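In what follows, a single structure is set out as structure tokens and then discussed.
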Amino acid sequence: MADPTRPTVEGAQVLAIVERAYRGTVEKQYADTLYLAAELHRQMGGMDILLRGLAVTYAAAGAHVGQLRFGGLLIDTLTDQRSDVQVLLRAGLRLYAEESAVRAYGLDREGRLLDGVRTISTTEAAARWSDYRTVCFL
């Protein structure tokens, strides 16, 4: 049951927790966790995302996605998770980044996270779980 003294999570029915960072573009065919999140948001009536662990780097501002070379093969179609995060923000998802992971990866200074990504403590994130109809790990 949601805490009646805390404002409800407006518009979001689901909290999706992402804590495992994407392992590599070469294995991605057409979809990844963030693509799935956009679809779930659309289909489930609203979603918030909590980035934990290495996944907070998805929200790193100014990161650059380079190219991979395997022998003579150049792969320049690598997925840019930061771009995907911006797509999610524009779609109305709220993205939170767990403060301890933000600090651990040096993203805790002004301007190091993408605009629109909010930091949240582990305690506050856990306290909000009951505000959602569903909490899942992506």
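As shown in the structure tokens, the chain order sets the letters A, B, ...; within each chain, residues go from 1, and ligands are also counted from 1 in the order they appear.
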
### Task
Considering only C-alpha atoms, return as a list of chain:residue names whatever protein or nucleic-acid residues lie within 8 Å of A:Val117, sequence-local ones (same chain, fewer than 3 positions apart) excluded.
A:Ala59, A:Arg94, A:Leu95, A:Tyr96, A:Ala97, A:Leu113, A:Leu114

May I have all residues of chain A that DSSP, computed from the backbone, assigns to strand (DSSP E), given as a PDB file with all heavy atoms, in the first residue's frame?
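So the final result, stored in selection_35.pdb, reads:
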ATOM      1  N   VAL A  14       4.842   1.685 -13.378  1.00  0.00           N
ATOM      2  CA  VAL A  14       5.918   0.698 -13.293  1.00  0.00           C
ATOM      3  C   VAL A  14       7.237   1.393 -12.982  1.00  0.00           C
ATOM      4  O   VAL A  14       7.532   2.448 -13.539  1.00  0.00           O
ATOM      5  CB  VAL A  14       6.044  -0.071 -14.636  1.00  0.00           C
ATOM      6  CG1 VAL A  14       7.200  -1.055 -14.605  1.00  0.00           C
ATOM      7  CG2 VAL A  14       4.744  -0.765 -14.987  1.00  0.00           C
ATOM      8  N   LEU A  15       8.008   0.789 -12.105  1.00  0.00           N
ATOM      9  CA  LEU A  15       9.388   1.205 -11.892  1.00  0.00           C
ATOM     10  C   LEU A  15      10.265   0.088 -12.442  1.00  0.00           C
ATOM     11  O   LEU A  15      10.175  -1.059 -12.002  1.00  0.00           O
ATOM     12  CB  LEU A  15       9.699   1.413 -10.406  1.00  0.00           C
ATOM     13  CG  LEU A  15      11.171   1.702 -10.089  1.00  0.00           C
ATOM     14  CD1 LEU A  15      11.609   3.031 -10.713  1.00  0.00           C
ATOM     15  CD2 LEU A  15      11.424   1.691  -8.597  1.00  0.00           C
ATOM     16  N   ALA A  16      11.082   0.424 -13.425  1.00  0.00           N
ATOM     17  CA  ALA A  16      12.015  -0.536 -14.011  1.00  0.00           C
ATOM     18  C   ALA A  16      13.420  -0.204 -13.516  1.00  0.00           C
ATOM     19  O   ALA A  16      13.866   0.930 -13.644  1.00  0.00           O
ATOM     20  CB  ALA A  16      11.958  -0.475 -15.528  1.00  0.00           C
ATOM     21  N   ILE A  17      14.070  -1.177 -12.949  1.00  0.00           N
ATOM     22  CA  ILE A  17      15.413  -0.994 -12.412  1.00  0.00           C
ATOM     23  C   ILE A  17      16.402  -1.611 -13.394  1.00  0.00           C
ATOM     24  O   ILE A  17      16.271  -2.772 -13.782  1.00  0.00           O
ATOM     25  CB  ILE A  17      15.547  -1.645 -11.028  1.00  0.00           C
ATOM     26  CG1 ILE A  17      14.526  -1.011 -10.065  1.00  0.00           C
ATOM     27  CG2 ILE A  17      16.970  -1.508 -10.502  1.00  0.00           C
ATOM     28  CD1 ILE A  17      14.397  -1.739  -8.747  1.00  0.00           C
ATOM     29  N   VAL A  18      17.372  -0.812 -13.800  1.00  0.00           N
ATOM     30  CA  VAL A  18      18.421  -1.273 -14.710  1.00  0.00           C
ATOM     31  C   VAL A  18      19.737  -1.151 -13.949  1.00  0.00           C
ATOM     32  O   VAL A  18      20.136  -0.051 -13.581  1.00  0.00           O
ATOM     33  CB  VAL A  18      18.472  -0.437 -16.004  1.00  0.00           C
ATOM     34  CG1 VAL A  18      19.571  -0.942 -16.926  1.00  0.00           C
ATOM     35  CG2 VAL A  18      17.128  -0.432 -16.711  1.00  0.00           C
ATOM     36  N   MET A  47       6.045   4.608 -17.083  1.00  0.00           N
ATOM     37  CA  MET A  47       7.162   3.917 -16.451  1.00  0.00           C
ATOM     38  C   MET A  47       8.215   4.919 -16.012  1.00  0.00           C
ATOM     39  O   MET A  47       8.454   5.912 -16.698  1.00  0.00           O
ATOM     40  CB  MET A  47       7.791   2.929 -17.438  1.00  0.00           C
ATOM     41  CG  MET A  47       9.014   2.225 -16.881  1.00  0.00           C
ATOM     42  SD  MET A  47       9.811   1.156 -18.094  1.00  0.00           S
ATOM     43  CE  MET A  47       8.656  -0.184 -18.104  1.00  0.00           C
ATOM     44  N   ASP A  48       8.801   4.648 -14.863  1.00  0.00           N
ATOM     45  CA  ASP A  48       9.994   5.350 -14.419  1.00  0.00           C
ATOM     46  C   ASP A  48      11.132   4.345 -14.466  1.00  0.00           C
ATOM     47  O   ASP A  48      10.906   3.137 -14.351  1.00  0.00           O
ATOM     48  CB  ASP A  48       9.843   5.864 -12.984  1.00  0.00           C
ATOM     49  CG  ASP A  48       8.839   6.998 -12.847  1.00  0.00           C
ATOM     50  OD1 ASP A  48       8.487   7.612 -13.871  1.00  0.00           O
ATOM     51  OD2 ASP A  48       8.411   7.259 -11.716  1.00  0.00           O
ATOM     52  N   ILE A  49      12.351   4.842 -14.625  1.00  0.00           N
ATOM     53  CA  ILE A  49      13.522   3.968 -14.666  1.00  0.00           C
ATOM     54  C   ILE A  49      14.509   4.416 -13.601  1.00  0.00           C
ATOM     55  O   ILE A  49      14.794   5.607 -13.460  1.00  0.00           O
ATOM     56  CB  ILE A  49      14.198   4.001 -16.053  1.00  0.00           C
ATOM     57  CG1 ILE A  49      13.255   3.410 -17.095  1.00  0.00           C
ATOM     58  CG2 ILE A  49      15.529   3.250 -16.033  1.00  0.00           C
ATOM     59  CD1 ILE A  49      13.806   3.423 -18.494  1.00  0.00           C
ATOM     60  N   LEU A  50      15.022   3.446 -12.871  1.00  0.00           N
ATOM     61  CA  LEU A  50      16.074   3.678 -11.895  1.00  0.00           C
ATOM     62  C   LEU A  50      17.341   3.019 -12.413  1.00  0.00           C
ATOM     63  O   LEU A  50      17.379   1.799 -12.610  1.00  0.00           O
ATOM     64  CB  LEU A  50      15.697   3.083 -10.530  1.00  0.00           C
ATOM     65  CG  LEU A  50      16.793   3.076  -9.471  1.00  0.00           C
ATOM     66  CD1 LEU A  50      17.235   4.503  -9.132  1.00  0.00           C
ATOM     67  CD2 LEU A  50      16.323   2.330  -8.226  1.00  0.00           C
ATOM     68  N   LEU A  51      18.360   3.825 -12.681  1.00  0.00           N
ATOM     69  CA  LEU A  51      19.664   3.316 -13.114  1.00  0.00           C
ATOM     70  C   LEU A  51      20.512   3.077 -11.874  1.00  0.00           C
ATOM     71  O   LEU A  51      20.659   3.973 -11.037  1.00  0.00           O
ATOM     72  CB  LEU A  51      20.347   4.314 -14.042  1.00  0.00           C
ATOM     73  CG  LEU A  51      19.596   4.671 -15.325  1.00  0.00           C
ATOM     74  CD1 LEU A  51      20.308   5.800 -16.062  1.00  0.00           C
ATOM     75  CD2 LEU A  51      19.432   3.456 -16.215  1.00  0.00           C
ATOM     76  N   LEU A  68      34.517   0.357 -33.663  1.00  0.00           N
ATOM     77  CA  LEU A  68      35.270  -0.867 -33.385  1.00  0.00           C
ATOM     78  C   LEU A  68      35.898  -1.374 -34.673  1.00  0.00           C
ATOM     79  O   LEU A  68      35.285  -1.302 -35.731  1.00  0.00           O
ATOM     80  CB  LEU A  68      34.346  -1.963 -32.847  1.00  0.00           C
ATOM     81  CG  LEU A  68      33.778  -1.804 -31.462  1.00  0.00           C
ATOM     82  CD1 LEU A  68      32.839  -2.969 -31.152  1.00  0.00           C
ATOM     83  CD2 LEU A  68      34.880  -1.748 -30.423  1.00  0.00           C
ATOM     84  N   ARG A  69      37.103  -1.880 -34.564  1.00  0.00           N
ATOM     85  CA  ARG A  69      37.758  -2.475 -35.718  1.00  0.00           C
ATOM     86  C   ARG A  69      38.131  -3.911 -35.357  1.00  0.00           C
ATOM     87  O   ARG A  69      38.796  -4.158 -34.368  1.00  0.00           O
ATOM     88  CB  ARG A  69      39.001  -1.696 -36.112  1.00  0.00           C
ATOM     89  CG  ARG A  69      39.687  -2.269 -37.341  1.00  0.00           C
ATOM     90  CD  ARG A  69      40.816  -1.388 -37.837  1.00  0.00           C
ATOM     91  NE  ARG A  69      40.387  -0.078 -38.257  1.00  0.00           N
ATOM     92  CZ  ARG A  69      39.820   0.214 -39.433  1.00  0.00           C
ATOM     93  NH1 ARG A  69      39.602  -0.742 -40.296  1.00  0.00           N
ATOM     94  NH2 ARG A  69      39.490   1.444 -39.733  1.00  0.00           N
ATOM     95  N   PHE A  70      37.650  -4.834 -36.169  1.00  0.00           N
ATOM     96  CA  PHE A  70      38.012  -6.246 -36.062  1.00  0.00           C
ATOM     97  C   PHE A  70      38.757  -6.608 -37.333  1.00  0.00           C
ATOM     98  O   PHE A  70      38.146  -6.811 -38.385  1.00  0.00           O
ATOM     99  CB  PHE A  70      36.764  -7.132 -35.927  1.00  0.00           C
ATOM    100  CG  PHE A  70      36.010  -6.934 -34.653  1.00  0.00           C
ATOM    101  CD1 PHE A  70      34.834  -6.208 -34.635  1.00  0.00           C
ATOM    102  CD2 PHE A  70      36.475  -7.476 -33.472  1.00  0.00           C
ATOM    103  CE1 PHE A  70      34.131  -6.031 -33.460  1.00  0.00           C
ATOM    104  CE2 PHE A  70      35.782  -7.305 -32.291  1.00  0.00           C
ATOM    105  CZ  PHE A  70      34.608  -6.580 -32.278  1.00  0.00           C
ATOM    106  N   LEU A  73      37.520  -5.165 -40.634  1.00  0.00           N
ATOM    107  CA  LEU A  73      36.107  -4.799 -40.526  1.00  0.00           C
ATOM    108  C   LEU A  73      35.928  -3.647 -39.553  1.00  0.00           C
ATOM    109  O   LEU A  73      36.324  -3.739 -38.393  1.00  0.00           O
ATOM    110  CB  LEU A  73      35.294  -6.012 -40.063  1.00  0.00           C
ATOM    111  CG  LEU A  73      33.808  -5.801 -39.826  1.00  0.00           C
ATOM    112  CD1 LEU A  73      33.103  -5.428 -41.129  1.00  0.00           C
ATOM    113  CD2 LEU A  73      33.198  -7.046 -39.227  1.00  0.00           C
ATOM    114  N   LEU A  74      35.330  -2.556 -40.010  1.00  0.00           N
ATOM    115  CA  LEU A  74      35.045  -1.397 -39.166  1.00  0.00           C
ATOM    116  C   LEU A  74      33.554  -1.378 -38.858  1.00  0.00           C
ATOM    117  O   LEU A  74      32.724  -1.395 -39.768  1.00  0.00           O
ATOM    118  CB  LEU A  74      35.435  -0.094 -39.873  1.00  0.00           C
ATOM    119  CG  LEU A  74      35.161   1.187 -39.085  1.00  0.00           C
ATOM    120  CD1 LEU A  74      36.060   1.246 -37.855  1.00  0.00           C
ATOM    121  CD2 LEU A  74      35.374   2.393 -39.967  1.00  0.00           C
ATOM    122  N   ILE A  75      33.235  -1.356 -37.569  1.00  0.00           N
ATOM    123  CA  ILE A  75      31.828  -1.288 -37.147  1.00  0.00           C
ATOM    124  C   ILE A  75      31.591   0.111 -36.591  1.00  0.00           C
ATOM    125  O   ILE A  75      32.132   0.477 -35.549  1.00  0.00           O
ATOM    126  CB  ILE A  75      31.508  -2.359 -36.095  1.00  0.00           C
ATOM    127  CG1 ILE A  75      31.761  -3.741 -36.679  1.00  0.00           C
ATOM    128  CG2 ILE A  75      30.064  -2.213 -35.608  1.00  0.00           C
ATOM    129  CD1 ILE A  75      31.572  -4.871 -35.716  1.00  0.00           C
ATOM    130  N   ARG A  94      10.520   9.229 -16.439  1.00  0.00           N
ATOM    131  CA  ARG A  94      11.416   9.831 -15.451  1.00  0.00           C
ATOM    132  C   ARG A  94      12.557   8.859 -15.235  1.00  0.00           C
ATOM    133  O   ARG A  94      12.331   7.668 -15.034  1.00  0.00           O
ATOM    134  CB  ARG A  94      10.689  10.106 -14.144  1.00  0.00           C
ATOM    135  CG  ARG A  94       9.793  11.321 -14.230  1.00  0.00           C
ATOM    136  CD  ARG A  94       9.132  11.552 -12.912  1.00  0.00           C
ATOM    137  NE  ARG A  94       8.206  10.446 -12.683  1.00  0.00           N
ATOM    138  CZ  ARG A  94       6.985  10.591 -12.195  1.00  0.00           C
ATOM    139  NH1 ARG A  94       6.558  11.778 -11.848  1.00  0.00           N
ATOM    140  NH2 ARG A  94       6.201   9.557 -12.029  1.00  0.00           N
ATOM    141  N   LEU A  95      13.772   9.373 -15.302  1.00  0.00           N
ATOM    142  CA  LEU A  95      14.953   8.548 -15.077  1.00  0.00           C
ATOM    143  C   LEU A  95      15.666   9.024 -13.828  1.00  0.00           C
ATOM    144  O   LEU A  95      15.952  10.220 -13.682  1.00  0.00           O
ATOM    145  CB  LEU A  95      15.904   8.609 -16.282  1.00  0.00           C
ATOM    146  CG  LEU A  95      15.548   7.609 -17.367  1.00  0.00           C
ATOM    147  CD1 LEU A  95      14.611   8.221 -18.364  1.00  0.00           C
ATOM    148  CD2 LEU A  95      16.774   7.083 -18.021  1.00  0.00           C
ATOM    149  N   TYR A  96      15.924   8.070 -12.958  1.00  0.00           N
ATOM    150  CA  TYR A  96      16.646   8.327 -11.722  1.00  0.00           C
ATOM    151  C   TYR A  96      17.969   7.581 -11.780  1.00  0.00           C
ATOM    152  O   TYR A  96      18.043   6.476 -12.323  1.00  0.00           O
ATOM    153  CB  TYR A  96      15.846   7.833 -10.516  1.00  0.00           C
ATOM    154  CG  TYR A  96      14.520   8.516 -10.351  1.00  0.00           C
ATOM    155  CD1 TYR A  96      13.360   7.962 -10.882  1.00  0.00           C
ATOM    156  CD2 TYR A  96      14.427   9.717  -9.672  1.00  0.00           C
ATOM    157  CE1 TYR A  96      12.134   8.595 -10.732  1.00  0.00           C
ATOM    158  CE2 TYR A  96      13.203  10.354  -9.522  1.00  0.00           C
ATOM    159  CZ  TYR A  96      12.066   9.787 -10.053  1.00  0.00           C
ATOM    160  OH  TYR A  96      10.860  10.419  -9.907  1.00  0.00           O
ATOM    161  N   ALA A  97      19.000   8.162 -11.201  1.00  0.00           N
ATOM    162  CA  ALA A  97      20.304   7.516 -11.097  1.00  0.00           C
ATOM    163  C   ALA A  97      20.654   7.427  -9.621  1.00  0.00           C
ATOM    164  O   ALA A  97      20.594   8.432  -8.901  1.00  0.00           O
ATOM    165  CB  ALA A  97      21.365   8.308 -11.851  1.00  0.00           C
ATOM    166  N   GLU A  98      20.973   6.244  -9.164  1.00  0.00           N
ATOM    167  CA  GLU A  98      21.272   6.033  -7.759  1.00  0.00           C
ATOM    168  C   GLU A  98      22.554   6.771  -7.370  1.00  0.00           C
ATOM    169  O   GLU A  98      23.592   6.611  -8.001  1.00  0.00           O
ATOM    170  CB  GLU A  98      21.402   4.533  -7.498  1.00  0.00           C
ATOM    171  CG  GLU A  98      21.303   4.168  -6.055  1.00  0.00           C
ATOM    172  CD  GLU A  98      21.194   2.673  -5.890  1.00  0.00           C
ATOM    173  OE1 GLU A  98      22.172   1.966  -6.204  1.00  0.00           O
ATOM    174  OE2 GLU A  98      20.122   2.222  -5.454  1.00  0.00           O
ATOM    175  N   VAL A 117      17.882  13.795 -15.868  1.00  0.00           N
ATOM    176  CA  VAL A 117      18.120  12.618 -15.041  1.00  0.00           C
ATOM    177  C   VAL A 117      18.320  13.099 -13.612  1.00  0.00           C
ATOM    178  O   VAL A 117      19.146  13.964 -13.355  1.00  0.00           O
ATOM    179  CB  VAL A 117      19.348  11.816 -15.526  1.00  0.00           C
ATOM    180  CG1 VAL A 117      19.631  10.645 -14.596  1.00  0.00           C
ATOM    181  CG2 VAL A 117      19.139  11.337 -16.954  1.00  0.00           C
ATOM    182  N   ARG A 118      17.543  12.554 -12.709  1.00  0.00           N
ATOM    183  CA  ARG A 118      17.581  12.979 -11.302  1.00  0.00           C
ATOM    184  C   ARG A 118      18.339  11.946 -10.478  1.00  0.00           C
ATOM    185  O   ARG A 118      18.188  10.744 -10.697  1.00  0.00           O
ATOM    186  CB  ARG A 118      16.163  13.098 -10.752  1.00  0.00           C
ATOM    187  CG  ARG A 118      15.279  14.001 -11.560  1.00  0.00           C
ATOM    188  CD  ARG A 118      13.867  13.920 -11.037  1.00  0.00           C
ATOM    189  NE  ARG A 118      12.941  14.383 -12.065  1.00  0.00           N
ATOM    190  CZ  ARG A 118      11.643  14.249 -12.003  1.00  0.00           C
ATOM    191  NH1 ARG A 118      11.092  13.661 -10.969  1.00  0.00           N
ATOM    192  NH2 ARG A 118      10.869  14.689 -12.964  1.00  0.00           N
ATOM    193  N   THR A 119      19.104  12.406  -9.519  1.00  0.00           N
ATOM    194  CA  THR A 119      19.762  11.473  -8.613  1.00  0.00           C
ATOM    195  C   THR A 119      18.822  11.172  -7.449  1.00  0.00           C
ATOM    196  O   THR A 119      17.971  11.983  -7.093  1.00  0.00           O
ATOM    197  CB  THR A 119      21.098  12.032  -8.085  1.00  0.00           C
ATOM    198  OG1 THR A 119      20.859  13.258  -7.416  1.00  0.00           O
ATOM    199  CG2 THR A 119      22.099  12.216  -9.209  1.00  0.00           C
ATOM    200  N   ILE A 120      18.992   9.990  -6.891  1.00  0.00           N
ATOM    201  CA  ILE A 120      18.144   9.551  -5.786  1.00  0.00           C
ATOM    202  C   ILE A 120      18.969   8.626  -4.900  1.00  0.00           C
ATOM    203  O   ILE A 120      19.788   7.848  -5.396  1.00  0.00           O
ATOM    204  CB  ILE A 120      16.878   8.848  -6.330  1.00  0.00           C
ATOM    205  CG1 ILE A 120      15.873   8.587  -5.220  1.00  0.00           C
ATOM    206  CG2 ILE A 120      17.233   7.589  -7.085  1.00  0.00           C
ATOM    207  CD1 ILE A 120      14.511   8.119  -5.733  1.00  0.00           C
ATOM    208  N   THR A 134       3.907  -2.046 -10.227  1.00  0.00           N
ATOM    209  CA  THR A 134       4.873  -3.098 -10.534  1.00  0.00           C
ATOM    210  C   THR A 134       6.286  -2.546 -10.431  1.00  0.00           C
ATOM    211  O   THR A 134       6.548  -1.432 -10.873  1.00  0.00           O
ATOM    212  CB  THR A 134       4.659  -3.610 -11.984  1.00  0.00           C
ATOM    213  OG1 THR A 134       3.316  -4.079 -12.110  1.00  0.00           O
ATOM    214  CG2 THR A 134       5.631  -4.708 -12.346  1.00  0.00           C
ATOM    215  N   VAL A 135       7.183  -3.328  -9.853  1.00  0.00           N
ATOM    216  CA  VAL A 135       8.618  -3.020  -9.841  1.00  0.00           C
ATOM    217  C   VAL A 135       9.302  -4.217 -10.497  1.00  0.00           C
ATOM    218  O   VAL A 135       9.048  -5.364 -10.123  1.00  0.00           O
ATOM    219  CB  VAL A 135       9.154  -2.806  -8.420  1.00  0.00           C
ATOM    220  CG1 VAL A 135      10.665  -2.587  -8.436  1.00  0.00           C
ATOM    221  CG2 VAL A 135       8.448  -1.637  -7.742  1.00  0.00           C
ATOM    222  N   CYS A 136      10.131  -3.933 -11.504  1.00  0.00           N
ATOM    223  CA  CYS A 136      10.796  -5.035 -12.205  1.00  0.00           C
ATOM    224  C   CYS A 136      12.242  -4.648 -12.513  1.00  0.00           C
ATOM    225  O   CYS A 136      12.609  -3.479 -12.464  1.00  0.00           O
ATOM    226  CB  CYS A 136      10.053  -5.382 -13.488  1.00  0.00           C
ATOM    227  SG  CYS A 136       9.975  -4.019 -14.686  1.00  0.00           S
ATOM    228  N   PHE A 137      13.021  -5.644 -12.819  1.00  0.00           N
ATOM    229  CA  PHE A 137      14.404  -5.450 -13.242  1.00  0.00           C
ATOM    230  C   PHE A 137      14.488  -5.720 -14.723  1.00  0.00           C
ATOM    231  O   PHE A 137      13.996  -6.734 -15.211  1.00  0.00           O
ATOM    232  CB  PHE A 137      15.348  -6.384 -12.477  1.00  0.00           C
ATOM    233  CG  PHE A 137      15.543  -6.004 -11.045  1.00  0.00           C
ATOM    234  CD1 PHE A 137      14.606  -6.366 -10.086  1.00  0.00           C
ATOM    235  CD2 PHE A 137      16.639  -5.262 -10.664  1.00  0.00           C
ATOM    236  CE1 PHE A 137      14.783  -6.013  -8.757  1.00  0.00           C
ATOM    237  CE2 PHE A 137      16.824  -4.896  -9.332  1.00  0.00           C
ATOM    238  CZ  PHE A 137      15.888  -5.272  -8.387  1.00  0.00           C
TER     239      PHE A 137
END

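Restricting the calculation to only C-alpha atoms, the smallest distance between A:Glu99 and any of A:Glu39, A:Glu124, A:Asp32, A:Asp115 is found for A:Glu124.
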
### Message
Using only C-alpha atoms, which protein or nucleic acid residues come within 8 Å of A:Val85? Drop anything in the same chain fewer than 3 positions from it, and give the result as a PyMOL selection string.
### Response
chain A and resi 34+58-59+81-82+88-89

Output file for the selection above: N, CA and C atoms, as a PDB file, in the first residue's frame:
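Everything below was put into selection.pdb:
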ATOM      1  N   LEU A  34      16.924  -0.378 -23.133  1.00  0.00           N
ATOM      2  CA  LEU A  34      16.301   0.942 -23.233  1.00  0.00           C
ATOM      3  C   LEU A  34      15.236   0.978 -24.322  1.00  0.00           C
ATOM      4  N   TYR A  58      24.895   5.189 -18.502  1.00  0.00           N
ATOM      5  CA  TYR A  58      23.997   5.468 -19.625  1.00  0.00           C
ATOM      6  C   TYR A  58      23.612   6.944 -19.648  1.00  0.00           C
ATOM      7  N   ALA A  59      23.611   7.574 -18.485  1.00  0.00           N
ATOM      8  CA  ALA A  59      23.176   8.964 -18.360  1.00  0.00           C
ATOM      9  C   ALA A  59      24.349   9.943 -18.294  1.00  0.00           C
ATOM     10  N   GLN A  81      23.840   4.678 -25.760  1.00  0.00           N
ATOM     11  CA  GLN A  81      22.836   4.658 -24.706  1.00  0.00           C
ATOM     12  C   GLN A  81      22.443   6.056 -24.243  1.00  0.00           C
ATOM     13  N   ARG A  82      23.356   7.001 -24.293  1.00  0.00           N
ATOM     14  CA  ARG A  82      23.012   8.374 -23.885  1.00  0.00           C
ATOM     15  C   ARG A  82      21.935   8.943 -24.803  1.00  0.00           C
ATOM     16  N   LEU A  88      14.074   8.522 -24.197  1.00  0.00           N
ATOM     17  CA  LEU A  88      13.165   8.154 -23.115  1.00  0.00           C
ATOM     18  C   LEU A  88      12.681   9.381 -22.345  1.00  0.00           C
ATOM     19  N   LEU A  89      13.585  10.305 -22.071  1.00  0.00           N
ATOM     20  CA  LEU A  89      13.195  11.533 -21.365  1.00  0.00           C
ATOM     21  C   LEU A  89      12.175  12.327 -22.183  1.00  0.00           C
TER      22      LEU A  89
END

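Across the model, the gap from atom CA of A:Ala21 to atom CA of A:Trp129 is 21.6 Å.
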
### Query
Suppose you want the space between atom CA of A:Asp80 and atom CA of A:Thr33; what is it in Å?
12.3 Å

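If you look at atom CA of A:Arg109 and atom CA of A:Thr79, they are 25.2 Å away from each other.
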
### Message
I'd like to know which of A:Asp84, A:Asp131, A:Asp108, A:Glu19 is closest to A:Gly53, using only C-alpha atoms.
### Response
A:Glu19

#### Entry: Distance criterion (only C-alpha atoms): nearest to A:Ala63 out of A:Ser83, A:Ala125, A:Ala104, A:Tyr132
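The shortest atom-to-atom distance to A:Ala63 comes from A:Ser83.
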
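Closest to A:His64 among A:Arg133, A:Leu78, A:Thr122, A:Leu36 is A:Leu78, based on only C-alpha atoms.
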